[in-house]
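Dumped target_13.cif below, it's mmCIF, C-alpha atoms:
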```cif
data_my_file
loop_
_atom_site.group_PDB
_atom_site.id
_atom_site.type_symbol
_atom_site.label_atom_id
_atom_site.label_comp_id
_atom_site.auth_asym_id
_atom_site.auth_seq_id
_atom_site.Cartn_x
_atom_site.Cartn_y
_atom_site.Cartn_z
ATOM 1 C CA MET W 23 0.000 0.000 0.000
ATOM 2 C CA SER W 24 1.429 3.396 -0.966
ATOM 3 C CA LEU W 25 2.219 6.172 1.510
ATOM 4 C CA ARG W 26 -0.502 8.313 -0.105
ATOM 5 C CA SER W 27 -3.107 5.591 0.494
ATOM 6 C CA ARG W 28 -2.001 5.126 4.112
ATOM 7 C CA LEU W 29 -2.126 8.888 4.691
ATOM 8 C CA SER W 30 -5.600 9.096 3.144
ATOM 9 C CA ILE W 31 -6.821 6.275 5.357
ATOM 10 C CA ALA W 32 -5.256 7.892 8.430
ATOM 11 C CA THR W 33 -6.880 11.216 7.501
ATOM 12 C CA ALA W 34 -10.278 9.558 7.117
ATOM 13 C CA ALA W 35 -9.873 7.760 10.453
ATOM 14 C CA GLY W 36 -8.973 11.037 12.140
ATOM 15 C CA LEU W 37 -11.965 12.766 10.603
ATOM 16 C CA LEU W 38 -14.246 9.971 11.757
ATOM 17 C CA ALA W 39 -12.859 10.182 15.294
ATOM 18 C CA ALA W 40 -13.274 13.962 15.315
ATOM 19 C CA ALA W 41 -16.821 13.692 13.989
ATOM 20 C CA ALA W 42 -17.736 11.168 16.675
ATOM 21 C CA ALA W 43 -16.433 13.528 19.349
ATOM 22 C CA VAL W 44 -18.575 16.463 18.215
ATOM 23 C CA THR W 45 -22.069 16.631 19.643
ATOM 24 C CA PRO W 46 -24.891 17.629 17.276
ATOM 25 C CA ALA W 47 -25.444 20.879 19.191
ATOM 26 C CA ALA W 48 -21.776 21.829 18.892
ATOM 27 C CA ALA W 49 -21.725 20.964 15.198
ATOM 28 C CA ALA W 50 -24.769 23.130 14.558
ATOM 29 C CA HIS W 51 -22.965 26.153 16.006
ATOM 30 C CA ASP W 52 -19.507 25.428 14.589
ATOM 31 C CA ASP W 53 -17.750 28.545 13.317
ATOM 32 C CA TRP W 54 -15.324 26.604 11.098
ATOM 33 C CA ASP W 55 -14.040 28.812 8.268
ATOM 34 C CA PRO W 56 -13.244 26.837 5.067
ATOM 35 C CA THR W 57 -10.960 29.672 3.904
ATOM 36 C CA GLY W 58 -8.593 29.288 6.837
ATOM 37 C CA GLY W 59 -9.547 32.713 8.136
ATOM 38 C CA ASN W 60 -7.894 34.690 5.358
ATOM 39 C CA GLY W 61 -11.161 36.320 4.243
ATOM 40 C CA ASN W 62 -10.973 34.871 0.727
ATOM 41 C CA HIS W 63 -14.330 33.145 0.392
ATOM 42 C CA HIS W 64 -13.963 32.126 -3.278
ATOM 43 C CA GLY W 65 -17.324 33.508 -4.322
ATOM 44 C CA HIS W 66 -19.138 32.922 -1.020
ATOM 45 C CA HIS W 67 -20.115 36.583 -0.784
ATOM 46 C CA ASP W 68 -23.087 37.230 1.464
ATOM 47 C CA PRO W 69 -25.077 39.978 -0.309
ATOM 48 C CA SER W 70 -27.221 40.497 2.802
ATOM 49 C CA GLY W 71 -24.191 41.815 4.683
ATOM 50 C CA GLY W 72 -24.706 39.118 7.310
ATOM 51 C CA ASN W 73 -22.185 36.739 8.751
ATOM 52 C CA GLY W 74 -22.866 33.902 6.302
ATOM 53 C CA ASP W 75 -24.939 31.737 8.661
ATOM 54 C CA HIS W 76 -27.515 31.201 5.887
ATOM 55 C CA HIS W 77 -25.692 28.050 4.767
ATOM 56 C CA ASP W 78 -23.585 25.283 6.277
ATOM 57 C CA SER W 79 -20.062 26.118 5.098
ATOM 58 C CA ARG W 80 -18.663 22.843 6.482
ATOM 59 C CA LEU W 81 -20.314 20.672 3.816
ATOM 60 C CA PHE W 82 -20.380 20.865 0.051
ATOM 61 C CA LYS W 83 -22.934 19.218 -2.232
ATOM 62 C CA GLY W 84 -22.708 17.017 -5.293
ATOM 63 C CA VAL W 85 -24.924 14.951 -7.554
ATOM 64 C CA VAL W 86 -24.133 11.342 -8.501
ATOM 65 C CA THR W 87 -23.756 10.830 -12.271
ATOM 66 C CA ALA W 88 -23.128 7.043 -12.351
ATOM 67 C CA ASN W 89 -26.064 4.651 -12.480
ATOM 68 C CA THR W 90 -24.729 3.007 -9.296
ATOM 69 C CA LEU W 91 -21.673 4.330 -7.451
ATOM 70 C CA ALA W 92 -19.858 2.172 -4.899
ATOM 71 C CA LEU W 93 -18.897 4.257 -1.866
ATOM 72 C CA ARG W 94 -15.803 2.893 -0.186
ATOM 73 C CA SER W 95 -13.771 2.781 3.028
ATOM 74 C CA ALA W 96 -10.721 4.386 1.347
ATOM 75 C CA PRO W 97 -10.092 6.445 -1.815
ATOM 76 C CA ASN W 98 -9.384 3.468 -4.078
ATOM 77 C CA ARG W 99 -11.385 0.830 -5.934
ATOM 78 C CA GLY W 100 -9.878 -2.043 -3.958
ATOM 79 C CA SER W 101 -11.238 -0.907 -0.602
ATOM 80 C CA GLN W 102 -14.363 -2.210 1.115
ATOM 81 C CA ILE W 103 -17.730 -1.044 -0.233
ATOM 82 C CA ILE W 104 -19.628 0.730 2.565
ATOM 83 C CA ARG W 105 -22.818 1.450 0.591
ATOM 84 C CA HIS W 106 -24.046 2.561 -2.846
ATOM 85 C CA ALA W 107 -25.344 5.845 -4.246
ATOM 86 C CA HIS W 108 -27.470 6.096 -7.369
ATOM 87 C CA LYS W 109 -27.732 8.425 -10.339
ATOM 88 C CA GLY W 110 -29.340 11.728 -9.325
ATOM 89 C CA ASP W 111 -28.670 11.315 -5.587
ATOM 90 C CA ILE W 112 -27.593 14.557 -3.906
ATOM 91 C CA VAL W 113 -24.660 13.855 -1.580
ATOM 92 C CA SER W 114 -22.951 15.884 1.163
ATOM 93 C CA ILE W 115 -19.209 16.215 0.638
ATOM 94 C CA PHE W 116 -16.921 16.921 3.589
ATOM 95 C CA CYS W 117 -13.638 17.237 1.650
ATOM 96 C CA LYS W 118 -11.596 15.939 -1.292
ATOM 97 C CA THR W 119 -8.285 14.084 -1.550
ATOM 98 C CA GLY W 120 -6.136 12.375 -4.129
ATOM 99 C CA GLY W 121 -6.510 8.645 -4.552
ATOM 100 C CA GLU W 122 -6.667 5.997 -7.244
ATOM 101 C CA THR W 123 -7.280 7.575 -10.658
ATOM 102 C CA VAL W 124 -10.707 6.687 -12.076
ATOM 103 C CA LYS W 125 -11.117 7.404 -15.814
ATOM 104 C CA GLY W 126 -8.539 10.205 -15.683
ATOM 105 C CA ASN W 127 -9.703 11.780 -12.395
ATOM 106 C CA PRO W 128 -7.528 11.181 -9.278
ATOM 107 C CA LEU W 129 -9.868 12.963 -6.840
ATOM 108 C CA TRP W 130 -12.107 11.288 -4.281
ATOM 109 C CA TYR W 131 -14.760 12.899 -2.083
ATOM 110 C CA LEU W 132 -15.388 12.004 1.554
ATOM 111 C CA LEU W 133 -19.190 11.822 1.820
ATOM 112 C CA THR W 134 -21.103 12.265 5.065
ATOM 113 C CA ASP W 135 -24.586 10.979 4.217
ATOM 114 C CA GLY W 136 -25.440 8.576 7.030
ATOM 115 C CA THR W 137 -21.998 6.959 7.029
ATOM 116 C CA TRP W 138 -18.597 8.371 6.089
ATOM 117 C CA ALA W 139 -17.516 6.866 2.780
ATOM 118 C CA TRP W 140 -15.302 7.775 -0.178
ATOM 119 C CA GLY W 141 -16.762 8.284 -3.671
ATOM 120 C CA ALA W 142 -14.793 8.754 -6.886
ATOM 121 C CA ALA W 143 -15.133 12.408 -7.935
ATOM 122 C CA ARG W 144 -15.283 11.196 -11.555
ATOM 123 C CA TYR W 145 -18.906 10.227 -10.865
ATOM 124 C CA ILE W 146 -19.970 13.147 -8.628
ATOM 125 C CA ASP W 147 -20.616 16.595 -10.122
ATOM 126 C CA ASN W 148 -20.237 19.551 -7.760
ATOM 127 C CA ILE W 149 -23.276 21.643 -6.929
ATOM 128 C CA GLY W 150 -21.829 25.062 -6.144
ATOM 129 C CA PRO W 151 -18.202 25.448 -5.055
ATOM 130 C CA ALA W 152 -15.681 22.633 -5.201
ATOM 131 C CA PRO W 153 -15.003 20.924 -1.858
ATOM 132 C CA ARG W 154 -12.006 21.890 0.274
ATOM 133 C CA TRP W 155 -8.982 19.599 0.556
ATOM 134 C CA CYS W 156 -8.923 17.106 3.436
#
```

What does this structure look like when you write it as structure tokens?
Amino acid sequence: MSLRSRLSIATAAGLLAAAAAVTPAAAAHDDWDPTGGNGNHHGHHDPSGGNGDHHDSRLFKGVVTANTLALRSAPNRGSQIIRHAHKGDIVSIFCKTGGETVKGNPLWYLLTDGTWAWGAARYIDNIGPAPRWC
């Protein structure tokens, strides 16, 4: 197993542990800034002049383009299948990372719908901004 794969798995495990430690009430009031606090919101301008609480900036959205997409335990096709998503499903994306290249696309998305699982970005079109890096 490559160092990149081991790092991706370790990152996913850390994210899962962190997610388990956060209570729903704390997550609902999380002030996490996807820009790292530098003020560059990459098009996330709030025309109302508010503080941006009108959307959950921790998650990004995507739509599944494959008829059936295997969602996996790691960002590669050899890892365990956790569940499946189907064409047209809207998924919540936590972050993206490099992994096994699928039809020319090396990116994988960590999805948070019910269970944490990796989906090949080749088969998930972004809705809105592209996800942040893991």

Picked residues, the PyMOL selection byres ((chain W and resi 102-107) around 10), expected as JSON, numbers by chain | {"W": [85, 86, 87, 88, 89, 90, 91, 92, 93, 94, 95, 96, 98, 99, 100, 101, 108, 109, 110, 111, 112, 113, 135, 136, 137, 138, 139, 140, 141]}

Write the residues of the preceding selection, restricted to C-alpha atoms, as a PDB file, in the coordinates of the input.
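Printed below is out-v5.pdb as written:
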```
ATOM      1  CA  VAL W  85     -24.924  14.951  -7.554  1.00  0.00           C
ATOM      2  CA  VAL W  86     -24.133  11.342  -8.501  1.00  0.00           C
ATOM      3  CA  THR W  87     -23.756  10.830 -12.271  1.00  0.00           C
ATOM      4  CA  ALA W  88     -23.128   7.043 -12.351  1.00  0.00           C
ATOM      5  CA  ASN W  89     -26.064   4.651 -12.480  1.00  0.00           C
ATOM      6  CA  THR W  90     -24.729   3.007  -9.296  1.00  0.00           C
ATOM      7  CA  LEU W  91     -21.673   4.330  -7.451  1.00  0.00           C
ATOM      8  CA  ALA W  92     -19.858   2.172  -4.899  1.00  0.00           C
ATOM      9  CA  LEU W  93     -18.897   4.257  -1.866  1.00  0.00           C
ATOM     10  CA  ARG W  94     -15.803   2.893  -0.186  1.00  0.00           C
ATOM     11  CA  SER W  95     -13.771   2.781   3.028  1.00  0.00           C
ATOM     12  CA  ALA W  96     -10.721   4.386   1.347  1.00  0.00           C
ATOM     13  CA  ASN W  98      -9.384   3.468  -4.078  1.00  0.00           C
ATOM     14  CA  ARG W  99     -11.385   0.830  -5.934  1.00  0.00           C
ATOM     15  CA  GLY W 100      -9.878  -2.043  -3.958  1.00  0.00           C
ATOM     16  CA  SER W 101     -11.238  -0.907  -0.602  1.00  0.00           C
ATOM     17  CA  HIS W 108     -27.470   6.096  -7.369  1.00  0.00           C
ATOM     18  CA  LYS W 109     -27.732   8.425 -10.339  1.00  0.00           C
ATOM     19  CA  GLY W 110     -29.340  11.728  -9.325  1.00  0.00           C
ATOM     20  CA  ASP W 111     -28.670  11.315  -5.587  1.00  0.00           C
ATOM     21  CA  ILE W 112     -27.593  14.557  -3.906  1.00  0.00           C
ATOM     22  CA  VAL W 113     -24.660  13.855  -1.580  1.00  0.00           C
ATOM     23  CA  ASP W 135     -24.586  10.979   4.217  1.00  0.00           C
ATOM     24  CA  GLY W 136     -25.440   8.576   7.030  1.00  0.00           C
ATOM     25  CA  THR W 137     -21.998   6.959   7.029  1.00  0.00           C
ATOM     26  CA  TRP W 138     -18.597   8.371   6.089  1.00  0.00           C
ATOM     27  CA  ALA W 139     -17.516   6.866   2.780  1.00  0.00           C
ATOM     28  CA  TRP W 140     -15.302   7.775  -0.178  1.00  0.00           C
ATOM     29  CA  GLY W 141     -16.762   8.284  -3.671  1.00  0.00           C
TER      30      GLY W 141
END
```

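Atom CA of W:Gly126 is found 22.9 Å from atom CA of W:Ser114.
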
When you draw a straight line from atom CA of W:Arg80 to atom CA of W:Glu122, how long is it in Å?
->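 Going from atom CA of W:Arg80 over to atom CA of W:Glu122, I get 24.8 Å.
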
Decode the PyMOL selection byres ((chain W and resi 150) around 9) for the given file into explicit residues and return them as a PyMOL selection string.
-> chain W and resi 82-84+148-149+151-152

A straight line from atom CA of W:Ala143 to atom CA of W:Val124 spans 8.3 Å
